[in-house]
$ cat coords06.pdb   # PDB, C-alpha atoms and all ligand atoms
ATOM      1  CA  MET A   1      11.713  45.235  43.164
ATOM      2  CA  THR A   2      11.740  45.656  39.437
ATOM      3  CA  ASP A   3       8.880  46.668  37.233
ATOM      4  CA  GLU A   4       7.677  44.018  34.868
ATOM      5  CA  THR A   5       8.391  44.728  31.252
ATOM      6  CA  GLU A   6       6.711  43.163  28.331
ATOM      7  CA  GLY A   7       7.087  43.536  24.626
ATOM      8  CA  LEU A   8       8.363  41.915  21.492
ATOM      9  CA  SER A   9      11.656  40.126  21.484
ATOM     10  CA  PRO A  10      14.074  41.702  18.977
ATOM     11  CA  ASP A  11      13.675  38.627  16.742
ATOM     12  CA  ASP A  12       9.914  39.067  16.664
ATOM     13  CA  ALA A  13      10.197  42.810  16.091
ATOM     14  CA  PHE A  14      12.492  42.382  13.093
ATOM     15  CA  THR A  15      10.323  39.598  11.682
ATOM     16  CA  LEU A  16       7.273  41.784  12.048
ATOM     17  CA  LEU A  17       8.967  44.596  10.126
ATOM     18  CA  ALA A  18      10.462  42.422   7.389
ATOM     19  CA  ASN A  19       7.559  43.096   5.082
ATOM     20  CA  GLN A  20       7.222  45.719   2.376
ATOM     21  CA  THR A  21       3.560  46.440   3.060
ATOM     22  CA  ARG A  22       4.146  47.048   6.751
ATOM     23  CA  ILE A  23       7.047  49.382   6.037
ATOM     24  CA  LYS A  24       4.805  51.288   3.591
ATOM     25  CA  ILE A  25       2.233  51.727   6.361
ATOM     26  CA  ILE A  26       4.839  53.005   8.824
ATOM     27  CA  ARG A  27       6.229  55.370   6.204
ATOM     28  CA  ALA A  28       2.776  56.724   5.344
ATOM     29  CA  LEU A  29       2.015  57.412   9.010
ATOM     30  CA  GLY A  30       5.448  58.956   9.570
ATOM     31  CA  GLU A  31       5.176  61.238   6.568
ATOM     32  CA  VAL A  32       1.945  62.890   7.711
ATOM     33  CA  SER A  33       3.250  63.512  11.214
ATOM     34  CA  THR A  34       4.706  66.828  12.249
ATOM     35  CA  PRO A  35       7.403  67.180  14.917
ATOM     36  CA  GLY A  36       5.956  66.406  18.330
ATOM     37  CA  ALA A  37       2.582  65.351  16.956
ATOM     38  CA  PRO A  38       2.086  61.887  15.489
ATOM     39  CA  GLU A  39      -0.843  62.313  13.112
ATOM     40  CA  ALA A  40      -3.677  59.796  12.971
ATOM     41  CA  LEU A  41      -5.096  58.587   9.652
ATOM     42  CA  ALA A  42      -8.427  56.914   9.048
ATOM     43  CA  PHE A  43      -8.338  53.371   7.633
ATOM     44  CA  SER A  44      -9.160  54.302   4.016
ATOM     45  CA  GLU A  45      -6.930  57.380   3.965
ATOM     46  CA  LEU A  46      -4.017  55.389   5.376
ATOM     47  CA  ARG A  47      -4.526  52.695   2.752
ATOM     48  CA  ARG A  48      -4.603  55.319  -0.026
ATOM     49  CA  ARG A  49      -1.441  57.071   1.200
ATOM     50  CA  ALA A  50       0.421  53.793   1.711
ATOM     51  CA  ASP A  51      -0.635  52.876  -1.845
ATOM     52  CA  ILE A  52      -1.639  49.335  -0.985
ATOM     53  CA  SER A  53      -4.036  47.469  -3.254
ATOM     54  CA  GLY A  54      -6.363  44.936  -1.702
ATOM     55  CA  SER A  55      -8.293  45.916   1.398
ATOM     56  CA  GLY A  56      -7.937  42.453   2.927
ATOM     57  CA  ARG A  57      -4.152  42.420   2.593
ATOM     58  CA  PHE A  58      -3.905  45.946   3.965
ATOM     59  CA  ASN A  59      -6.148  45.086   6.904
ATOM     60  CA  TYR A  60      -4.102  41.979   7.687
ATOM     61  CA  HIS A  61      -0.754  43.782   7.765
ATOM     62  CA  LEU A  62      -2.112  46.799   9.630
ATOM     63  CA  GLY A  63      -3.484  44.407  12.244
ATOM     64  CA  LYS A  64       0.000  42.947  12.731
ATOM     65  CA  LEU A  65       1.411  46.414  13.442
ATOM     66  CA  VAL A  66      -1.311  47.572  15.828
ATOM     67  CA  GLY A  67      -0.220  47.241  19.426
ATOM     68  CA  GLU A  68       3.459  47.015  18.506
ATOM     69  CA  PHE A  69       4.294  49.969  16.273
ATOM     70  CA  VAL A  70       0.913  51.529  15.564
ATOM     71  CA  GLU A  71      -1.875  52.521  17.903
ATOM     72  CA  GLU A  72      -5.543  52.798  17.103
ATOM     73  CA  THR A  73      -7.229  55.970  18.335
ATOM     74  CA  GLU A  74     -10.674  57.484  17.910
ATOM     75  CA  SER A  75      -9.429  59.538  14.975
ATOM     76  CA  GLY A  76      -7.612  56.667  13.293
ATOM     77  CA  TYR A  77      -4.219  54.979  13.284
ATOM     78  CA  ARG A  78      -0.960  56.594  14.318
ATOM     79  CA  LEU A  79       2.591  55.594  15.180
ATOM     80  CA  ASN A  80       3.389  54.831  18.801
ATOM     81  CA  TYR A  81       6.819  55.545  20.298
ATOM     82  CA  ALA A  82       8.409  52.377  18.871
ATOM     83  CA  GLY A  83       6.843  53.125  15.473
ATOM     84  CA  ILE A  84       8.235  56.650  15.493
ATOM     85  CA  ARG A  85      11.713  55.292  16.213
ATOM     86  CA  VAL A  86      11.400  52.820  13.324
ATOM     87  CA  TYR A  87      10.255  55.610  11.004
ATOM     88  CA  GLN A  88      13.169  57.815  12.132
ATOM     89  CA  ALA A  89      15.631  55.001  11.424
ATOM     90  CA  ILE A  90      14.159  54.455   7.943
ATOM     91  CA  LYS A  91      14.205  58.194   7.245
ATOM     92  CA  ALA A  92      17.772  58.685   8.477
ATOM     93  CA  GLY A  93      18.977  55.661   6.512
ATOM     94  CA  THR A  94      20.682  54.156   9.541
ATOM     95  CA  PHE A  95      20.365  50.595   8.351
ATOM     96  CA  THR A  96      20.323  51.094   4.617
ATOM     97  CA  ASP A  97      22.505  53.920   3.319
ATOM     98  CA  ARG A  98      26.111  53.387   2.417
ATOM     99  CA  VAL A  99      27.892  56.691   2.623
ATOM    100  CA  ARG A 100      31.588  57.148   2.245
ATOM    101  CA  ARG A 101      33.781  60.200   2.576
ATOM    102  CA  GLU A 102      37.372  60.083   1.444
ATOM    103  CA  PRO A 103      40.044  61.239   3.914
ATOM    104  CA  PHE A 104      40.406  65.010   4.186
ATOM    105  CA  GLU A 105      42.982  67.044   6.035
ATOM    106  CA  LEU A 106      42.212  68.788   9.322
ATOM    107  CA  ASP A 107      43.687  71.928  10.869
ATOM    108  CA  ASP A 108      44.793  69.931  13.902
ATOM    109  CA  ASP A 109      48.184  68.266  14.196
ATOM    110  CA  CYS A 110      48.982  64.665  15.037
ATOM    111  CA  HIS A 111      49.683  64.429  18.785
ATOM    112  CA  VAL A 112      52.474  61.950  18.113
ATOM    113  CA  CYS A 113      54.515  63.220  15.161
ATOM    114  CA  GLY A 114      53.177  66.708  14.406
ATOM    115  CA  ALA A 115      51.966  65.942  10.862
ATOM    116  CA  SER A 116      48.389  66.858   9.953
ATOM    117  CA  GLN A 117      45.404  64.902  11.178
ATOM    118  CA  GLU A 118      42.921  63.599   8.643
ATOM    119  CA  ALA A 119      39.283  62.577   8.979
ATOM    120  CA  ALA A 120      37.387  59.981   6.960
ATOM    121  CA  TYR A 121      34.090  58.122   7.017
ATOM    122  CA  LEU A 122      33.700  54.539   5.884
ATOM    123  CA  ASP A 123      31.345  51.654   6.724
ATOM    124  CA  GLY A 124      29.439  53.665   9.290
ATOM    125  CA  THR A 125      32.589  54.668  11.100
ATOM    126  CA  PHE A 126      34.039  58.128  11.557
ATOM    127  CA  ARG A 127      37.795  58.128  11.999
ATOM    128  CA  VAL A 128      40.491  60.679  12.765
ATOM    129  CA  ARG A 129      44.071  59.619  12.283
ATOM    130  CA  CYS A 130      47.509  60.924  11.391
ATOM    131  CA  ALA A 131      47.816  61.727   7.687
ATOM    132  CA  ASP A 132      51.329  60.277   7.709
ATOM    133  CA  ASP A 133      51.071  56.528   7.106
ATOM    134  CA  ASP A 134      54.475  55.935   8.683
ATOM    135  CA  CYS A 135      53.124  57.315  11.961
ATOM    136  CA  GLY A 136      49.746  55.598  11.730
ATOM    137  CA  ALA A 137      48.368  57.053  14.975
ATOM    138  CA  THR A 138      44.581  56.855  15.233
ATOM    139  CA  PHE A 139      42.871  59.243  17.629
ATOM    140  CA  TYR A 140      39.223  58.424  17.348
ATOM    141  CA  ARG A 141      37.210  55.777  15.613
ATOM    142  CA  TYR A 142      33.503  55.653  16.303
ATOM    143  CA  PHE A 143      30.189  54.590  14.834
ATOM    144  CA  CYS A 144      28.212  57.532  13.433
ATOM    145  CA  PRO A 145      25.024  57.040  11.431
ATOM    146  CA  PRO A 146      25.274  57.984   7.740
ATOM    147  CA  SER A 147      22.718  60.715   8.326
ATOM    148  CA  SER A 148      25.347  62.646  10.262
ATOM    149  CA  LEU A 149      27.293  63.088   7.031
ATOM    150  CA  THR A 150      24.824  63.614   4.243
ATOM    151  CA  ASP A 151      24.330  67.090   2.801
ATOM    152  CA  ARG A 152      26.860  68.720   5.050
ATOM    153  CA  GLU A 153      30.024  70.700   4.544
ATOM    154  CA  ARG A 154      33.154  69.313   6.151
ATOM    155  CA  ALA A 155      32.751  71.630   9.157
ATOM    156  CA  GLY A 156      29.251  70.254   9.679
ATOM    157  CA  VAL A 157      30.448  66.657   9.438
ATOM    158  CA  LEU A 158      33.110  67.322  12.056
ATOM    159  CA  ARG A 159      30.645  69.107  14.315
ATOM    160  CA  ALA A 160      28.160  66.234  14.094
ATOM    161  CA  ALA A 161      30.798  63.583  14.775
ATOM    162  CA  ASN A 162      32.299  65.591  17.642
ATOM    163  CA  GLU A 163      28.907  66.153  19.230
ATOM    164  CA  ARG A 164      28.084  62.465  19.031
ATOM    165  CA  LEU A 165      31.431  61.415  20.464
ATOM    166  CA  GLN A 166      31.303  63.881  23.340
ATOM    167  CA  ARG A 167      27.692  63.181  24.220
ATOM    168  CA  GLU A 168      27.997  59.403  24.088
ATOM    169  CA  ILE A 169      31.291  59.283  25.976
ATOM    170  CA  ALA A 170      29.809  61.590  28.653
ATOM    171  CA  SER A 171      26.931  59.139  29.036
ATOM    172  CA  MET A 172      29.316  56.166  29.367
ATOM    173  CA  ALA A 173      31.333  58.073  31.970
ATOM    174  CA  LYS A 174      28.163  58.317  34.056
ATOM    175  CA  GLY A 175      27.304  54.630  33.710
ATOM    176  CA  VAL A 176      24.420  54.968  31.256
ATOM    177  CA  CYS A 177      24.546  53.185  27.908
ATOM    178  CA  PRO A 178      24.326  55.813  25.128
ATOM    179  CA  TRP A 179      22.564  53.322  22.827
ATOM    180  CA  CYS A 180      19.869  51.764  25.017
ATOM    181  CA  SER A 181      20.059  53.773  28.293
ATOM    182  CA  GLY A 182      20.727  50.538  30.200
ATOM    183  CA  ARG A 183      23.368  50.249  32.899
ATOM    184  CA  MET A 184      26.918  50.459  31.648
ATOM    185  CA  THR A 185      29.955  49.351  33.602
ATOM    186  CA  SER A 186      33.402  50.727  32.914
ATOM    187  CA  ARG A 187      36.827  49.591  33.973
ATOM    188  CA  VAL A 188      40.395  50.547  33.282
ATOM    189  CA  LEU A 189      42.264  47.801  31.462
ATOM    190  CA  PRO A 190      45.875  46.863  32.120
ATOM    191  CA  THR A 191      48.145  48.488  29.551
ATOM    192  CA  ASP A 192      49.210  45.093  28.206
ATOM    193  CA  ALA A 193      45.646  43.754  27.773
ATOM    194  CA  GLU A 194      44.616  42.431  24.372
ATOM    195  CA  MET A 195      42.457  44.607  22.135
ATOM    196  CA  PRO A 196      40.009  42.056  20.728
ATOM    197  CA  LEU A 197      38.007  44.463  18.606
ATOM    198  CA  ARG A 198      39.152  44.826  15.037
ATOM    199  CA  ASP A 199      41.082  47.938  13.957
ATOM    200  CA  ASN A 200      41.050  49.673  17.296
ATOM    201  CA  PRO A 201      43.333  52.608  17.765
ATOM    202  CA  ALA A 202      46.369  51.719  19.827
ATOM    203  CA  ILE A 203      45.456  53.134  23.229
ATOM    204  CA  GLU A 204      47.769  52.762  26.176
ATOM    205  CA  HIS A 205      45.413  53.942  28.918
ATOM    206  CA  ARG A 206      42.095  52.521  27.883
ATOM    207  CA  VAL A 207      38.757  51.980  29.479
ATOM    208  CA  LEU A 208      36.337  49.253  28.464
ATOM    209  CA  HIS A 209      32.676  50.243  28.684
ATOM    210  CA  ALA A 210      30.151  47.419  28.458
ATOM    211  CA  CYS A 211      26.373  47.550  28.623
ATOM    212  CA  GLU A 212      24.633  44.843  30.649
ATOM    213  CA  THR A 213      21.402  45.356  28.748
ATOM    214  CA  CYS A 214      22.226  45.520  25.013
ATOM    215  CA  ASP A 215      25.747  43.988  25.143
ATOM    216  CA  GLY A 216      27.159  47.059  23.398
ATOM    217  CA  SER A 217      30.793  47.729  24.231
ATOM    218  CA  VAL A 218      33.448  50.229  23.295
ATOM    219  CA  TYR A 219      36.911  51.369  24.355
ATOM    220  CA  THR A 220      37.799  54.943  25.145
ATOM    221  CA  ARG A 221      40.906  56.686  26.311
ATOM    222  CA  LEU A 222      41.035  57.491  30.017
ATOM    223  CA  GLY A 223      41.571  61.171  29.172
ATOM    224  CA  GLY A 224      38.676  61.133  26.716
ATOM    225  CA  LEU A 225      36.260  60.617  29.607
ATOM    226  CA  LEU A 226      37.206  63.961  31.128
ATOM    227  CA  VAL A 227      36.130  66.420  28.426
ATOM    228  CA  THR A 228      32.733  67.078  29.994
ATOM    229  CA  HIS A 229      33.835  66.727  33.630
ATOM    230  CA  PRO A 230      32.817  69.890  35.555
ATOM    231  CA  ALA A 231      36.409  70.629  36.648
ATOM    232  CA  VAL A 232      37.578  70.532  33.021
ATOM    233  CA  VAL A 233      34.663  72.543  31.669
ATOM    234  CA  ALA A 234      35.230  75.185  34.389
ATOM    235  CA  PHE A 235      38.992  75.266  33.773
ATOM    236  CA  TYR A 236      38.504  76.019  30.083
ATOM    237  CA  HIS A 237      35.629  78.367  30.816
ATOM    238  CA  ASP A 238      38.014  80.452  32.940
ATOM    239  CA  HIS A 239      40.088  80.811  29.774
ATOM    240  CA  ALA A 240      37.019  81.886  27.774
ATOM    241  CA  ILE A 241      36.847  78.528  25.959
ATOM    242  CA  ASP A 242      33.846  76.234  25.705
ATOM    243  CA  VAL A 243      35.722  72.935  25.672
ATOM    244  CA  THR A 244      32.584  71.010  24.685
ATOM    245  CA  ARG A 245      32.756  72.757  21.307
ATOM    246  CA  ARG A 246      36.386  71.859  20.757
ATOM    247  CA  HIS A 247      36.895  68.786  18.593
ATOM    248  CA  ILE A 248      37.695  65.982  20.990
ATOM    249  CA  TRP A 249      40.449  64.670  18.679
ATOM    250  CA  SER A 250      42.205  68.065  18.862
ATOM    251  CA  LEU A 251      42.546  67.983  22.673
ATOM    252  CA  PRO A 252      45.877  66.372  23.619
ATOM    253  CA  PHE A 253      44.641  65.040  26.979
ATOM    254  CA  ALA A 254      41.613  63.399  25.324
ATOM    255  CA  ALA A 255      43.183  62.099  22.130
ATOM    256  CA  SER A 256      46.615  60.852  23.108
ATOM    257  CA  ASP A 257      48.258  58.934  25.929
ATOM    258  CA  GLU A 258      51.151  61.266  26.572
ATOM    259  CA  ARG A 259      49.282  63.437  29.118
ATOM    260  CA  THR A 260      48.259  60.435  31.197
ATOM    261  CA  THR A 261      50.614  58.946  33.798
ATOM    262  CA  VAL A 262      49.978  55.956  36.016
ATOM    263  CA  THR A 263      51.239  57.084  39.430
ATOM    264  CA  SER A 264      50.547  53.965  41.481
ATOM    265  CA  GLU A 265      49.518  50.378  40.826
ATOM    266  CA  ASP A 266      47.996  49.409  44.190
ATOM    267  CA  PRO A 267      45.720  51.169  44.570
ATOM    268  CA  TRP A 268      45.685  52.058  40.898
ATOM    269  CA  ARG A 269      45.876  55.793  40.289
ATOM    270  CA  ALA A 270      46.551  57.836  37.188
ATOM    271  CA  THR A 271      46.944  61.541  36.582
ATOM    272  CA  VAL A 272      45.805  63.340  33.453
ATOM    273  CA  ARG A 273      47.457  66.680  32.775
ATOM    274  CA  ILE A 274      45.426  69.326  30.981
ATOM    275  CA  ASP A 275      47.089  72.512  29.754
ATOM    276  CA  CYS A 276      45.414  75.729  28.710
ATOM    277  CA  GLY A 277      47.305  78.969  28.264
ATOM    278  CA  ASP A 278      49.946  79.030  31.013
ATOM    279  CA  ASP A 279      47.831  77.034  33.404
ATOM    280  CA  THR A 280      47.640  73.347  34.147
ATOM    281  CA  LEU A 281      44.877  71.244  35.632
ATOM    282  CA  ARG A 282      45.769  67.842  37.060
ATOM    283  CA  ILE A 283      43.102  65.235  37.493
ATOM    284  CA  ARG A 284      43.626  62.043  39.483
ATOM    285  CA  LEU A 285      41.540  59.014  38.703
ATOM    286  CA  ASP A 286      41.117  55.572  40.173
ATOM    287  CA  ASP A 287      40.486  52.395  38.171
ATOM    288  CA  ASP A 288      36.699  52.758  38.480
ATOM    289  CA  PRO A 289      37.421  55.135  36.715
ATOM    290  CA  SER A 290      36.314  58.007  38.943
ATOM    291  CA  VAL A 291      37.888  61.372  39.542
ATOM    292  CA  VAL A 292      39.391  61.328  43.051
ATOM    293  CA  GLU A 293      41.123  64.700  43.051
ATOM    294  CA  THR A 294      41.544  67.796  40.911
ATOM    295  CA  ALA A 295      44.200  70.479  41.306
ATOM    296  CA  ARG A 296      45.180  73.575  39.367
ATOM    297  CA  VAL A 297      48.913  74.187  39.382
TER
HETATM  298 ZN    ZN A 301      51.541  61.228  13.319
HETATM  299 ZN    ZN A 302      22.956  49.301  26.051
END
$ encode --input "coords06.pdb" --output "structure tokens"
Amino acid sequence: MTDETEGLSPDDAFTLLANQTRIKIIRALGEVSTPGAPEALAFSELRRRADISGSGRFNYHLGKLVGEFVEETESGYRLNYAGIRVYQAIKAGTFTDRVRREPFELDDDCHVCGASQEAAYLDGTFRVRCADDDCGATFYRYFCPPSSLTDRERAGVLRAANERLQREIASMAKGVCPWCSGRMTSRVLPTDAEMPLRDNPAIEHRVLHACETCDGSVYTRLGGLLVTHPAVVAFYHDHAIDVTRRHIWSLPFAASDERTTVTSEDPWRATVRIDCGDDTLRIRLDDDPSVVETARV
């Protein structure tokens, strides 16, 4: 049995919001709210703060928002959950800002040729690749909202991008879409499969994650799924390292194919080798991909 859901279709929601007056109302309500407490404003106070002339026009547009993005309470109007999310998106500039950060060199080396890695941000995408154009290896390429980059030093930009990558990949690895929380299915692709998405890094052992609910999809490396696996976290922890704070593009098992070996085709099995100090952790995966065995050697 499934619970019935009702609400606006995305088309209707975007149409409803494609109006300057309505956005002004959402902004005005968002600006008076404090974290954790959406503030309510009386009709006249809301109209004054939203700076909308014409009571009739204001009333009309407010009425369109009520029930969808705004709720009416005894003390006035306030944003509901959907309204708060819209306000957050406006505030963070997710759909409007165009931020760009030219490539800058990282302390980490290219896992292929040993040259430096470089990071850059362009068109909403954070990217880490080899600084040597002849090598051309790309380690990570992922959507990050522009708000993750504004007003931050380079270290902060890298921390924000790393956190997003690790958190969202961990969610995919557990079958939950990081964007809509719907069900996500993952499968290992054959090494010779086409890479239909534009400008993807060349990944030999790749996993396609696809959401049944929002149709979002993304590729990751097989090894990239393991960073937050308990066996890996514990292995690093025993070496006094919090691996979740290491940049995912700096970890050879998570950012390159060379530590991954396909050991059998039927049933499909692969082993990812993780080194730390003098110790090695081997993780066997099936094509689900699920961890089927871990061993320290
Ligand atoms: Zn390189
Ligand atoms: Zn989704």
$ residues_near_ligand --input "coords06.pdb" --ligand "ligand ZN 301 (chain A)" --cutoff "8 Å" --atoms "all atoms listed in the file" --output "list of chain:residue names"
A:Asp109, A:Cys110, A:His111, A:Val112, A:Cys113, A:Gly114, A:Ala115, A:Ser116, A:Gln117, A:Arg129, A:Cys130, A:Ala131, A:Asp132, A:Asp133, A:Asp134, A:Cys135, A:Gly136, A:Ala137
$ residues_near_ligand --input "coords06.pdb" --ligand "ligand ZN 302 (chain A)" --cutoff "9 Å" --atoms "only C-alpha atoms and all ligand atoms" --output "ChimeraX atom specification"
/A:176-184,210-217
$ closest_residue --input "coords06.pdb" --among "A:Glu31, A:Glu74, A:Asp278, A:Glu118" --to "A:Lys91" --atoms "all atoms listed in the file"
A:Glu31
$ residues_around --input "coords06.pdb" --residues "stretch 61-68 of chain A" --least-positions-apart "5" --cutoff "10 Å" --atoms "all atoms listed in the file" --output "list in words"
Gly7, Leu8, Ala13, Leu16, Leu17, Asn19, Gln20, Thr21, Arg22, Ile23, Ile25, Ile26, Phe43, Leu46, Arg47, Gly56, Tyr77, Arg78, Leu79, Asn80, Tyr81, Ala82 and Gly83 of chain A
$ resolve_selection --input "coords06.pdb" --expression "the PyMOL selection byres (((chain A and resi 247-260) around 6) and not hetatm)" --output "list of chain:residue names"
A:Asp108, A:Phe139, A:Asn162, A:Gly223, A:Gly224, A:Arg246, A:Thr261, A:Thr271, A:Val272, A:Arg273, A:Ile274
$ closest_residue --input "coords06.pdb" --among "A:Ala234, A:Leu158, A:Leu225, A:Ile84" --to "A:Leu285" --atoms "only C-alpha atoms"
A:Leu225
$ residues_around --input "coords06.pdb" --residues "A:Ala155" --least-positions-apart "5" --cutoff "12 Å" --atoms "only C-alpha atoms" --output "short mmCIF file (atom, residue, chain, number, x, y, z; two decimals) with C-alpha atoms, keeping the file's coordinate frame"
data_model
loop_
_atom_site.label_atom_id
_atom_site.label_comp_id
_atom_site.auth_asym_id
_atom_site.auth_seq_id
_atom_site.Cartn_x
_atom_site.Cartn_y
_atom_site.Cartn_z
CA PHE A 104 40.41 65.01 4.19
CA GLU A 105 42.98 67.04 6.04
CA LEU A 106 42.21 68.79 9.32
CA ASP A 107 43.69 71.93 10.87
CA ALA A 119 39.28 62.58 8.98
CA SER A 148 25.35 62.65 10.26
CA LEU A 149 27.29 63.09 7.03
CA ALA A 160 28.16 66.23 14.09
CA ALA A 161 30.80 63.58 14.78
CA ASN A 162 32.30 65.59 17.64
CA HIS A 247 36.90 68.79 18.59
#
$ atom_distance --input "coords06.pdb" --atom1 "atom CA of A:Cys144" --atom2 "atom CA of A:Ile169"
13.0 Å
$ closest_residue --input "coords06.pdb" --among "A:Val243, A:Leu189, A:Val157, A:Ala28" --to "A:His205" --atoms "all atoms listed in the file"
A:Leu189
